[in-house]
$ cat protein15.cif   # mmCIF, C-alpha atoms
data_target
loop_
_atom_site.group_PDB
_atom_site.id
_atom_site.type_symbol
_atom_site.label_atom_id
_atom_site.label_comp_id
_atom_site.auth_asym_id
_atom_site.auth_seq_id
_atom_site.Cartn_x
_atom_site.Cartn_y
_atom_site.Cartn_z
ATOM 1 C CA MET A 1 6.856 25.697 -2.617
ATOM 2 C CA THR A 2 10.104 24.462 -1.051
ATOM 3 C CA HIS A 3 9.778 22.635 2.252
ATOM 4 C CA SER A 4 12.457 21.628 4.725
ATOM 5 C CA GLU A 5 13.141 17.920 5.099
ATOM 6 C CA GLU A 6 11.687 18.046 8.609
ATOM 7 C CA THR A 7 8.471 19.555 7.248
ATOM 8 C CA ARG A 8 8.263 17.060 4.375
ATOM 9 C CA ALA A 9 8.644 14.100 6.723
ATOM 10 C CA ALA A 10 6.120 15.504 9.189
ATOM 11 C CA GLU A 11 3.541 16.231 6.472
ATOM 12 C CA LEU A 12 3.892 12.783 4.882
ATOM 13 C CA LEU A 13 3.485 11.157 8.287
ATOM 14 C CA GLU A 14 0.439 13.288 9.077
ATOM 15 C CA ALA A 15 -1.101 12.357 5.715
ATOM 16 C CA GLN A 16 -0.631 8.701 6.616
ATOM 17 C CA ASN A 17 -2.048 9.235 10.104
ATOM 18 C CA LYS A 18 -5.174 10.695 8.524
ATOM 19 C CA ALA A 19 -5.417 7.618 6.307
ATOM 20 C CA VAL A 20 -5.159 5.438 9.433
ATOM 21 C CA ARG A 21 -8.017 7.364 11.038
ATOM 22 C CA LEU A 22 -10.038 7.004 7.853
ATOM 23 C CA PHE A 23 -9.568 3.228 7.801
ATOM 24 C CA ASN A 24 -10.438 3.010 11.499
ATOM 25 C CA GLU A 25 -13.656 4.903 10.818
ATOM 26 C CA VAL A 26 -14.461 2.597 7.895
ATOM 27 C CA GLU A 27 -14.428 -0.283 10.373
ATOM 28 C CA ALA A 28 -16.195 1.631 13.155
ATOM 29 C CA ARG A 29 -19.104 2.481 10.859
ATOM 30 C CA GLY A 30 -19.400 -1.101 9.612
ATOM 31 C CA LEU A 31 -18.888 -0.140 5.982
ATOM 32 C CA ILE A 32 -17.131 -3.455 5.278
ATOM 33 C CA ARG A 33 -20.003 -5.898 5.149
ATOM 34 C CA PRO A 34 -21.254 -8.825 3.079
ATOM 35 C CA GLY A 35 -23.878 -8.291 0.413
ATOM 36 C CA ILE A 36 -22.465 -5.132 -1.174
ATOM 37 C CA THR A 37 -20.224 -4.904 -4.190
ATOM 38 C CA GLU A 38 -16.613 -3.738 -4.254
ATOM 39 C CA GLY A 39 -17.797 -0.689 -6.175
ATOM 40 C CA GLU A 40 -20.392 0.168 -3.549
ATOM 41 C CA LEU A 41 -17.795 -0.080 -0.779
ATOM 42 C CA ASN A 42 -15.448 2.064 -2.853
ATOM 43 C CA THR A 43 -18.150 4.743 -3.081
ATOM 44 C CA ASP A 44 -18.884 4.509 0.656
ATOM 45 C CA VAL A 45 -15.188 5.006 1.493
ATOM 46 C CA TYR A 46 -14.910 7.904 -0.958
ATOM 47 C CA ASN A 47 -17.916 9.620 0.643
ATOM 48 C CA LEU A 48 -16.507 9.044 4.131
ATOM 49 C CA ALA A 49 -13.129 10.527 3.152
ATOM 50 C CA LYS A 50 -14.899 13.573 1.735
ATOM 51 C CA GLU A 51 -16.963 13.903 4.910
ATOM 52 C CA MET A 52 -13.982 13.559 7.259
ATOM 53 C CA TYR A 53 -11.319 15.483 5.344
ATOM 54 C CA GLY A 54 -12.900 17.047 2.266
ATOM 55 C CA ILE A 55 -10.846 14.725 0.037
ATOM 56 C CA ASP A 56 -11.791 14.426 -3.601
ATOM 57 C CA THR A 57 -8.293 14.001 -5.101
ATOM 58 C CA TYR A 58 -6.470 10.659 -5.269
ATOM 59 C CA TRP A 59 -3.107 10.260 -6.961
ATOM 60 C CA HIS A 60 -3.957 6.693 -7.989
ATOM 61 C CA LYS A 61 -7.165 4.780 -8.545
ATOM 62 C CA ARG A 62 -8.989 3.661 -5.402
ATOM 63 C CA ILE A 63 -8.881 -0.121 -5.063
ATOM 64 C CA VAL A 64 -11.297 -2.439 -3.285
ATOM 65 C CA ARG A 65 -10.611 -6.113 -3.950
ATOM 66 C CA ALA A 66 -12.577 -9.044 -2.474
ATOM 67 C CA GLY A 67 -12.525 -12.810 -2.917
ATOM 68 C CA LYS A 68 -10.548 -14.025 -5.914
ATOM 69 C CA ASN A 69 -9.919 -10.424 -6.986
ATOM 70 C CA THR A 70 -7.442 -10.179 -4.087
ATOM 71 C CA LEU A 71 -5.065 -12.258 -6.219
ATOM 72 C CA LEU A 72 -4.659 -9.423 -8.703
ATOM 73 C CA PRO A 73 -2.024 -6.659 -8.622
ATOM 74 C CA TYR A 74 -2.689 -2.944 -8.939
ATOM 75 C CA ALA A 75 -2.697 -2.692 -12.736
ATOM 76 C CA GLU A 76 -5.608 -5.103 -13.193
ATOM 77 C CA ASN A 77 -9.242 -3.956 -13.456
ATOM 78 C CA PRO A 78 -11.296 -7.063 -12.650
ATOM 79 C CA PRO A 79 -15.110 -7.364 -12.716
ATOM 80 C CA ASP A 80 -16.939 -5.930 -9.703
ATOM 81 C CA LEU A 81 -17.495 -8.693 -7.128
ATOM 82 C CA THR A 82 -20.001 -8.901 -4.284
ATOM 83 C CA ILE A 83 -18.450 -9.190 -0.817
ATOM 84 C CA GLU A 84 -19.459 -12.545 0.644
ATOM 85 C CA GLU A 85 -19.913 -13.970 4.112
ATOM 86 C CA ASP A 86 -16.581 -15.218 5.503
ATOM 87 C CA ASP A 87 -14.709 -13.231 2.838
ATOM 88 C CA ILE A 88 -11.297 -11.571 2.615
ATOM 89 C CA LEU A 89 -10.758 -8.175 1.023
ATOM 90 C CA PHE A 90 -8.299 -5.319 0.916
ATOM 91 C CA LEU A 91 -8.411 -1.568 0.410
ATOM 92 C CA ASP A 92 -5.626 0.389 -1.306
ATOM 93 C CA LEU A 93 -6.100 4.166 -1.279
ATOM 94 C CA GLY A 94 -3.904 7.044 -2.415
ATOM 95 C CA PRO A 95 -5.634 10.139 -0.995
ATOM 96 C CA VAL A 96 -4.071 13.587 -1.278
ATOM 97 C CA PHE A 97 -4.314 15.610 1.926
ATOM 98 C CA GLU A 98 -3.878 19.229 0.841
ATOM 99 C CA GLU A 99 -0.624 18.828 -1.155
ATOM 100 C CA TRP A 100 0.687 15.646 0.473
ATOM 101 C CA GLU A 101 0.214 12.114 -0.769
ATOM 102 C CA ALA A 102 -0.668 9.108 1.297
ATOM 103 C CA ASP A 103 -0.672 5.505 0.140
ATOM 104 C CA PHE A 104 -2.229 3.075 2.524
ATOM 105 C CA GLY A 105 -3.454 -0.494 2.241
ATOM 106 C CA ARG A 106 -4.961 -2.961 4.668
ATOM 107 C CA THR A 107 -6.561 -6.408 4.572
ATOM 108 C CA PHE A 108 -9.844 -7.236 6.284
ATOM 109 C CA VAL A 109 -11.340 -10.625 7.078
ATOM 110 C CA ILE A 110 -15.081 -11.090 7.512
ATOM 111 C CA GLY A 111 -15.666 -14.136 9.683
ATOM 112 C CA SER A 112 -13.218 -16.556 11.276
ATOM 113 C CA ASP A 113 -11.636 -18.573 8.462
ATOM 114 C CA PRO A 114 -8.234 -19.578 9.913
ATOM 115 C CA LEU A 115 -6.372 -19.494 6.568
ATOM 116 C CA LYS A 116 -7.586 -15.987 5.788
ATOM 117 C CA LEU A 117 -6.751 -14.790 9.294
ATOM 118 C CA LYS A 118 -3.273 -16.325 8.970
ATOM 119 C CA LEU A 119 -2.737 -14.490 5.688
ATOM 120 C CA LYS A 120 -3.735 -11.192 7.282
ATOM 121 C CA HIS A 121 -1.371 -11.805 10.204
ATOM 122 C CA ASP A 122 1.512 -12.895 7.968
ATOM 123 C CA ILE A 123 1.464 -9.827 5.740
ATOM 124 C CA GLU A 124 1.486 -7.601 8.821
ATOM 125 C CA GLN A 125 4.482 -9.500 10.204
ATOM 126 C CA ALA A 126 6.217 -9.421 6.811
ATOM 127 C CA PHE A 127 5.819 -5.654 6.664
ATOM 128 C CA ALA A 128 7.453 -5.307 10.073
ATOM 129 C CA GLU A 129 10.349 -7.556 9.020
ATOM 130 C CA GLY A 130 10.738 -5.742 5.703
ATOM 131 C CA LYS A 131 10.890 -2.382 7.431
ATOM 132 C CA GLN A 132 13.477 -3.646 9.924
ATOM 133 C CA TYR A 133 15.616 -5.062 7.087
ATOM 134 C CA PHE A 134 15.549 -1.733 5.265
ATOM 135 C CA HIS A 135 16.788 0.160 8.294
ATOM 136 C CA GLU A 136 19.518 -2.413 8.989
ATOM 137 C CA HIS A 137 20.906 -2.283 5.410
ATOM 138 C CA PRO A 138 21.631 1.337 4.450
ATOM 139 C CA GLU A 139 23.322 0.471 1.119
ATOM 140 C CA LEU A 140 20.332 -1.322 -0.397
ATOM 141 C CA ASN A 141 19.260 -0.663 -3.934
ATOM 142 C CA SER A 142 15.658 -1.154 -5.038
ATOM 143 C CA GLY A 143 16.256 -4.451 -6.819
ATOM 144 C CA GLU A 144 17.999 -5.980 -3.812
ATOM 145 C CA TYR A 145 15.211 -4.835 -1.549
ATOM 146 C CA PHE A 146 12.571 -6.290 -3.874
ATOM 147 C CA ASN A 147 14.336 -9.662 -3.741
ATOM 148 C CA TYR A 148 14.313 -9.612 0.057
ATOM 149 C CA VAL A 149 10.626 -8.687 0.289
ATOM 150 C CA TYR A 150 9.825 -11.317 -2.350
ATOM 151 C CA SER A 151 11.619 -13.932 -0.226
ATOM 152 C CA LEU A 152 9.349 -13.171 2.727
ATOM 153 C CA ALA A 153 6.393 -14.661 0.860
ATOM 154 C CA GLU A 154 8.137 -18.046 0.673
ATOM 155 C CA LYS A 155 9.218 -17.744 4.306
ATOM 156 C CA PHE A 156 5.591 -17.411 5.402
ATOM 157 C CA GLY A 157 4.309 -20.041 2.979
ATOM 158 C CA TRP A 158 2.708 -17.822 0.333
ATOM 159 C CA GLU A 159 3.432 -16.522 -3.163
ATOM 160 C CA PHE A 160 4.353 -12.899 -3.809
ATOM 161 C CA GLY A 161 1.509 -11.337 -5.751
ATOM 162 C CA GLY A 162 2.818 -8.240 -7.496
ATOM 163 C CA PRO A 163 5.522 -7.017 -9.900
ATOM 164 C CA ILE A 164 6.797 -4.406 -7.386
ATOM 165 C CA ALA A 165 7.174 -4.162 -3.612
ATOM 166 C CA GLY A 166 6.764 -0.416 -3.234
ATOM 167 C CA HIS A 167 7.514 2.994 -4.728
ATOM 168 C CA LEU A 168 8.398 6.592 -3.980
ATOM 169 C CA ILE A 169 5.896 8.894 -2.288
ATOM 170 C CA GLY A 170 5.956 12.625 -1.756
ATOM 171 C CA GLN A 171 4.403 15.960 -2.492
ATOM 172 C CA PHE A 172 1.550 15.915 -4.993
ATOM 173 C CA PRO A 173 1.756 15.529 -7.964
ATOM 174 C CA HIS A 174 3.397 12.149 -7.537
ATOM 175 C CA GLU A 175 7.002 12.043 -8.729
ATOM 176 C CA ARG A 176 7.343 9.982 -11.901
ATOM 177 C CA ILE A 177 9.422 9.598 -15.008
ATOM 178 C CA ALA A 178 7.288 9.295 -18.149
ATOM 179 C CA GLU A 179 6.895 5.707 -19.378
ATOM 180 C CA ASP A 180 9.290 4.478 -16.656
ATOM 181 C CA LYS A 181 7.808 1.712 -14.503
ATOM 182 C CA VAL A 182 11.136 0.682 -12.954
ATOM 183 C CA THR A 183 13.312 3.516 -11.670
ATOM 184 C CA LEU A 184 11.074 4.954 -8.957
ATOM 185 C CA TYR A 185 9.764 1.591 -7.765
ATOM 186 C CA VAL A 186 10.936 -1.238 -5.547
ATOM 187 C CA HIS A 187 11.379 -3.288 -8.682
ATOM 188 C CA PRO A 188 13.609 -6.297 -9.435
ATOM 189 C CA LYS A 189 15.321 -4.454 -12.313
ATOM 190 C CA SER A 190 15.976 -1.189 -10.467
ATOM 191 C CA ASN A 191 19.495 -0.309 -9.315
ATOM 192 C CA LEU A 192 18.479 2.940 -7.629
ATOM 193 C CA LEU A 193 20.052 3.279 -4.189
ATOM 194 C CA MET A 194 17.093 3.716 -1.905
ATOM 195 C CA ARG A 195 18.871 6.252 0.274
ATOM 196 C CA SER A 196 20.120 8.312 -2.658
ATOM 197 C CA LEU A 197 18.859 11.885 -2.899
ATOM 198 C CA ASP A 198 16.438 13.028 -5.568
ATOM 199 C CA GLU A 199 17.199 15.554 -8.321
ATOM 200 C CA GLN A 200 16.559 18.394 -5.874
ATOM 201 C CA GLY A 201 18.949 16.970 -3.286
ATOM 202 C CA ARG A 202 16.179 15.803 -0.966
ATOM 203 C CA LYS A 203 15.747 12.531 0.882
ATOM 204 C CA ARG A 204 13.604 9.998 -0.941
ATOM 205 C CA HIS A 205 10.588 8.652 0.924
ATOM 206 C CA TRP A 206 9.361 5.152 0.121
ATOM 207 C CA ILE A 207 6.194 3.104 0.439
ATOM 208 C CA LEU A 208 6.531 -0.626 1.150
ATOM 209 C CA GLU A 209 3.885 -2.948 -0.334
ATOM 210 C CA ILE A 210 3.328 -6.516 0.818
ATOM 211 C CA HIS A 211 1.031 -8.591 -1.411
ATOM 212 C CA PHE A 212 0.859 -12.319 -0.648
ATOM 213 C CA VAL A 213 -1.446 -14.733 -2.473
ATOM 214 C CA ASP A 214 -2.614 -18.336 -2.345
ATOM 215 C CA ARG A 215 -3.701 -19.237 -5.871
ATOM 216 C CA GLU A 216 -5.031 -22.648 -4.877
ATOM 217 C CA HIS A 217 -7.543 -21.124 -2.456
ATOM 218 C CA GLU A 218 -7.972 -17.938 -4.547
ATOM 219 C CA ILE A 219 -7.162 -15.484 -1.776
ATOM 220 C CA GLY A 220 -4.688 -12.658 -1.347
ATOM 221 C CA GLY A 221 -3.763 -10.064 1.236
ATOM 222 C CA PHE A 222 -2.221 -6.605 0.993
ATOM 223 C CA TYR A 223 -0.467 -4.267 3.429
ATOM 224 C CA GLU A 224 1.017 -0.899 2.534
ATOM 225 C CA GLU A 225 2.350 2.171 4.325
ATOM 226 C CA LEU A 226 5.336 4.474 4.701
ATOM 227 C CA LEU A 227 8.716 2.813 5.053
ATOM 228 C CA THR A 228 11.032 5.733 5.624
ATOM 229 C CA VAL A 229 9.376 8.257 7.962
#

$ encode --input "protein15.cif" --output "structure tokens"
Amino acid sequence: MTHSEETRAAELLEAQNKAVRLFNEVEARGLIRPGITEGELNTDVYNLAKEMYGIDTYWHKRIVRAGKNTLLPYAENPPDLTIEEDDILFLDLGPVFEEWEADFGRTFVIGSDPLKLKLKHDIEQAFAEGKQYFHEHPELNSGEYFNYVYSLAEKFGWEFGGPIAGHLIGQFPHERIAEDKVTLYVHPKSNLLMRSLDEQGRKRHWILEIHFVDREHEIGGFYEELLTV
């Protein structure tokens, strides 16, 4: 089905808004708690999403990372850890609402550890600065934008934790080029103009990912949402 650009933007934003409500309900119900495993929390969130929205389709694997696992980027599949007291963790979900993709990530801190709270605050601030930079530089290509987002980690005193800083998002199934892990990503080797149109002449919509890590203290934080709607 062909949708107008106004409809596409509105549907992508509504998909994200549903993801926001889902994450808010995760917190409201106290699902994030010490003593359970990442896998158990993953199951709890899956069941909640099904209860709230009937969701059983995700365009990428559901990620729950706690403790030292927060150092690891998306592609890794680390052993299942137990969430500890005074822990840090993040959720990264890609639910499909009807035919529209969302991609949403947030960091949570259990307890009052000042370093972990600073990390959570810094990735939120870095996202805001990254979004502002994108809108102030209309001629950016993906590689240039990656370099800017990467530089924010050093600015805030962290290390950038992943090989990309975002990707395209849209109507399910997720747009991709087979075996290509560069072109449709905010990747250091991509020259794609971020405001270029896709093969169907439509505006491209992007997700921005912020992943900062502190390898010495074995902690990381993650923040992800729509950049262009």

$ resolve_selection --input "protein15.cif" --expression "the PyMOL selection byres ((chain A and resi 193-205) around 12)" --output "JSON, numbers by chain"
{"A": [2, 3, 4, 5, 6, 7, 8, 9, 10, 11, 12, 13, 101, 102, 103, 134, 135, 137, 138, 139, 140, 141, 142, 143, 144, 145, 146, 166, 167, 168, 169, 170, 171, 174, 175, 176, 177, 183, 184, 185, 186, 187, 190, 191, 192, 206, 207, 208, 225, 226, 227, 228, 229]}

$ write_last_selection --input "protein15.cif" --atoms "C-alpha atoms" --output "PDB file, keeping the file's coordinate frame"
ATOM      1  CA  THR A   2      10.104  24.462  -1.051  1.00  0.00           C
ATOM      2  CA  HIS A   3       9.778  22.635   2.252  1.00  0.00           C
ATOM      3  CA  SER A   4      12.457  21.628   4.725  1.00  0.00           C
ATOM      4  CA  GLU A   5      13.141  17.920   5.099  1.00  0.00           C
ATOM      5  CA  GLU A   6      11.687  18.046   8.609  1.00  0.00           C
ATOM      6  CA  THR A   7       8.471  19.555   7.248  1.00  0.00           C
ATOM      7  CA  ARG A   8       8.263  17.060   4.375  1.00  0.00           C
ATOM      8  CA  ALA A   9       8.644  14.100   6.723  1.00  0.00           C
ATOM      9  CA  ALA A  10       6.120  15.504   9.189  1.00  0.00           C
ATOM     10  CA  GLU A  11       3.541  16.231   6.472  1.00  0.00           C
ATOM     11  CA  LEU A  12       3.892  12.783   4.882  1.00  0.00           C
ATOM     12  CA  LEU A  13       3.485  11.157   8.287  1.00  0.00           C
ATOM     13  CA  GLU A 101       0.214  12.114  -0.769  1.00  0.00           C
ATOM     14  CA  ALA A 102      -0.668   9.108   1.297  1.00  0.00           C
ATOM     15  CA  ASP A 103      -0.672   5.505   0.140  1.00  0.00           C
ATOM     16  CA  PHE A 134      15.549  -1.733   5.265  1.00  0.00           C
ATOM     17  CA  HIS A 135      16.788   0.160   8.294  1.00  0.00           C
ATOM     18  CA  HIS A 137      20.906  -2.283   5.410  1.00  0.00           C
ATOM     19  CA  PRO A 138      21.631   1.337   4.450  1.00  0.00           C
ATOM     20  CA  GLU A 139      23.322   0.471   1.119  1.00  0.00           C
ATOM     21  CA  LEU A 140      20.332  -1.322  -0.397  1.00  0.00           C
ATOM     22  CA  ASN A 141      19.260  -0.663  -3.934  1.00  0.00           C
ATOM     23  CA  SER A 142      15.658  -1.154  -5.038  1.00  0.00           C
ATOM     24  CA  GLY A 143      16.256  -4.451  -6.819  1.00  0.00           C
ATOM     25  CA  GLU A 144      17.999  -5.980  -3.812  1.00  0.00           C
ATOM     26  CA  TYR A 145      15.211  -4.835  -1.549  1.00  0.00           C
ATOM     27  CA  PHE A 146      12.571  -6.290  -3.874  1.00  0.00           C
ATOM     28  CA  GLY A 166       6.764  -0.416  -3.234  1.00  0.00           C
ATOM     29  CA  HIS A 167       7.514   2.994  -4.728  1.00  0.00           C
ATOM     30  CA  LEU A 168       8.398   6.592  -3.980  1.00  0.00           C
ATOM     31  CA  ILE A 169       5.896   8.894  -2.288  1.00  0.00           C
ATOM     32  CA  GLY A 170       5.956  12.625  -1.756  1.00  0.00           C
ATOM     33  CA  GLN A 171       4.403  15.960  -2.492  1.00  0.00           C
ATOM     34  CA  HIS A 174       3.397  12.149  -7.537  1.00  0.00           C
ATOM     35  CA  GLU A 175       7.002  12.043  -8.729  1.00  0.00           C
ATOM     36  CA  ARG A 176       7.343   9.982 -11.901  1.00  0.00           C
ATOM     37  CA  ILE A 177       9.422   9.598 -15.008  1.00  0.00           C
ATOM     38  CA  THR A 183      13.312   3.516 -11.670  1.00  0.00           C
ATOM     39  CA  LEU A 184      11.074   4.954  -8.957  1.00  0.00           C
ATOM     40  CA  TYR A 185       9.764   1.591  -7.765  1.00  0.00           C
ATOM     41  CA  VAL A 186      10.936  -1.238  -5.547  1.00  0.00           C
ATOM     42  CA  HIS A 187      11.379  -3.288  -8.682  1.00  0.00           C
ATOM     43  CA  SER A 190      15.976  -1.189 -10.467  1.00  0.00           C
ATOM     44  CA  ASN A 191      19.495  -0.309  -9.315  1.00  0.00           C
ATOM     45  CA  LEU A 192      18.479   2.940  -7.629  1.00  0.00           C
ATOM     46  CA  TRP A 206       9.361   5.152   0.121  1.00  0.00           C
ATOM     47  CA  ILE A 207       6.194   3.104   0.439  1.00  0.00           C
ATOM     48  CA  LEU A 208       6.531  -0.626   1.150  1.00  0.00           C
ATOM     49  CA  GLU A 225       2.350   2.171   4.325  1.00  0.00           C
ATOM     50  CA  LEU A 226       5.336   4.474   4.701  1.00  0.00           C
ATOM     51  CA  LEU A 227       8.716   2.813   5.053  1.00  0.00           C
ATOM     52  CA  THR A 228      11.032   5.733   5.624  1.00  0.00           C
ATOM     53  CA  VAL A 229       9.376   8.257   7.962  1.00  0.00           C
TER      54      VAL A 229
END

$ closest_residue --input "protein15.cif" --among "A:Phe97, A:Gly162, A:Ala75, A:Glu209" --to "A:Gln16" --atoms "all atoms listed in the file"
A:Phe97

$ residues_around --input "protein15.cif" --residues "A:Ile88" --least-positions-apart "4" --cutoff "12 Å" --atoms "only C-alpha atoms" --output "MDAnalysis selection string"
chainID A and resid 32:34 38 64:71 81:84 106:120 213 217:222

$ atom_distance --input "protein15.cif" --atom1 "atom CA of A:Arg62" --atom2 "atom CA of A:Asp92"
6.2 Å

$ atom_distance --input "protein15.cif" --atom1 "atom CA of A:Leu152" --atom2 "atom CA of A:Leu91"
21.3 Å

$ atom_distance --input "protein15.cif" --atom1 "atom CA of A:Glu159" --atom2 "atom CA of A:Asp214"
6.4 Å

$ resolve_selection --input "protein15.cif" --expression "the PyMOL selection byres ((chain A and resi 47-51) around 10)" --output "ChimeraX atom specification"
/A:18-19,21-23,25-26,29,31,41-46,52-57,95

$ closest_residue --input "protein15.cif" --among "A:Asn147, A:His60, A:Gly94, A:Phe104" --to "A:Asn17" --atoms "only C-alpha atoms"
A:Phe104

$ closest_residue --input "protein15.cif" --among "A:Glu85, A:Leu93, A:Ala165, A:Glu99" --to "A:Gly130" --atoms "all atoms listed in the file"
A:Ala165

$ closest_residue --input "protein15.cif" --among "A:Glu124, A:Glu129, A:Glu14, A:Asp180" --to "A:Ser151" --atoms "all atoms listed in the file"
A:Glu129

$ axis_aligned_box --input "protein15.cif" --around "stretch 153-160 of chain A" --padding-each-side "8 Å" --output "lines of an AutoDock Vina configuration file"
center_x = 6.0
center_y = -16.5
center_z = 0.8
size_x = 22.5
size_y = 23.1
size_z = 25.2

$ closest_residue --input "protein15.cif" --among "A:Trp59, A:Lys131, A:Ala126, A:Gly105" --to "A:Tyr150" --atoms "all atoms listed in the file"
A:Ala126

$ closest_residue --input "protein15.cif" --among "A:Leu89, A:Leu72, A:Ala15, A:Val20" --to "A:Thr37" --atoms "only C-alpha atoms"
A:Leu89

$ build_atoms --input "protein15.cif" --residues "stretch 163-170 of chain A" --atoms "all heavy atoms" --output "CSV table (one decimal), keeping the file's coordinate frame"
chain,number,residue,atom,x,y,z
A,163,PRO,N,4.3,-7.2,-9.2
A,163,PRO,CA,5.5,-7.0,-9.9
A,163,PRO,C,6.5,-6.0,-9.2
A,163,PRO,O,7.6,-5.9,-9.6
A,163,PRO,CB,5.1,-6.4,-11.2
A,163,PRO,CG,3.8,-5.7,-10.9
A,163,PRO,CD,3.1,-6.5,-9.8
A,164,ILE,N,6.0,-5.3,-8.2
A,164,ILE,CA,6.8,-4.4,-7.4
A,164,ILE,C,6.5,-4.7,-5.9
A,164,ILE,O,5.6,-5.4,-5.5
A,164,ILE,CB,6.5,-2.9,-7.7
A,164,ILE,CG1,5.1,-2.6,-7.3
A,164,ILE,CG2,6.8,-2.6,-9.2
A,164,ILE,CD1,4.8,-1.1,-7.4
A,165,ALA,N,7.4,-4.1,-5.1
A,165,ALA,CA,7.2,-4.2,-3.6
A,165,ALA,C,7.2,-2.8,-3.0
A,165,ALA,O,7.4,-2.6,-1.8
A,165,ALA,CB,8.3,-5.0,-3.0
A,166,GLY,N,6.9,-1.8,-3.8
A,166,GLY,CA,6.8,-0.4,-3.2
A,166,GLY,C,7.2,0.6,-4.3
A,166,GLY,O,7.5,0.3,-5.4
A,167,HIS,N,7.2,1.9,-3.8
A,167,HIS,CA,7.5,3.0,-4.7
A,167,HIS,C,7.8,4.2,-3.9
A,167,HIS,O,7.6,4.3,-2.7
A,167,HIS,CB,6.3,3.2,-5.7
A,167,HIS,CG,5.0,3.4,-4.9
A,167,HIS,ND1,4.7,4.6,-4.4
A,167,HIS,CD2,4.0,2.6,-4.6
A,167,HIS,CE1,3.5,4.5,-3.8
A,167,HIS,NE2,3.1,3.3,-3.9
A,168,LEU,N,8.2,5.3,-4.6
A,168,LEU,CA,8.4,6.6,-4.0
A,168,LEU,C,7.1,7.3,-3.7
A,168,LEU,O,6.1,7.0,-4.3
A,168,LEU,CB,9.2,7.5,-4.9
A,168,LEU,CG,10.7,7.2,-5.0
A,168,LEU,CD1,11.4,8.0,-6.0
A,168,LEU,CD2,11.4,7.4,-3.6
A,169,ILE,N,7.1,8.1,-2.7
A,169,ILE,CA,5.9,8.9,-2.3
A,169,ILE,C,6.4,10.3,-2.0
A,169,ILE,O,7.5,10.5,-1.6
A,169,ILE,CB,5.2,8.3,-1.1
A,169,ILE,CG1,3.8,8.9,-0.8
A,169,ILE,CG2,6.0,8.3,0.2
A,169,ILE,CD1,2.7,8.3,-1.7
A,170,GLY,N,5.5,11.3,-2.1
A,170,GLY,CA,6.0,12.6,-1.8
A,170,GLY,C,4.9,13.7,-1.9
A,170,GLY,O,3.7,13.4,-1.6
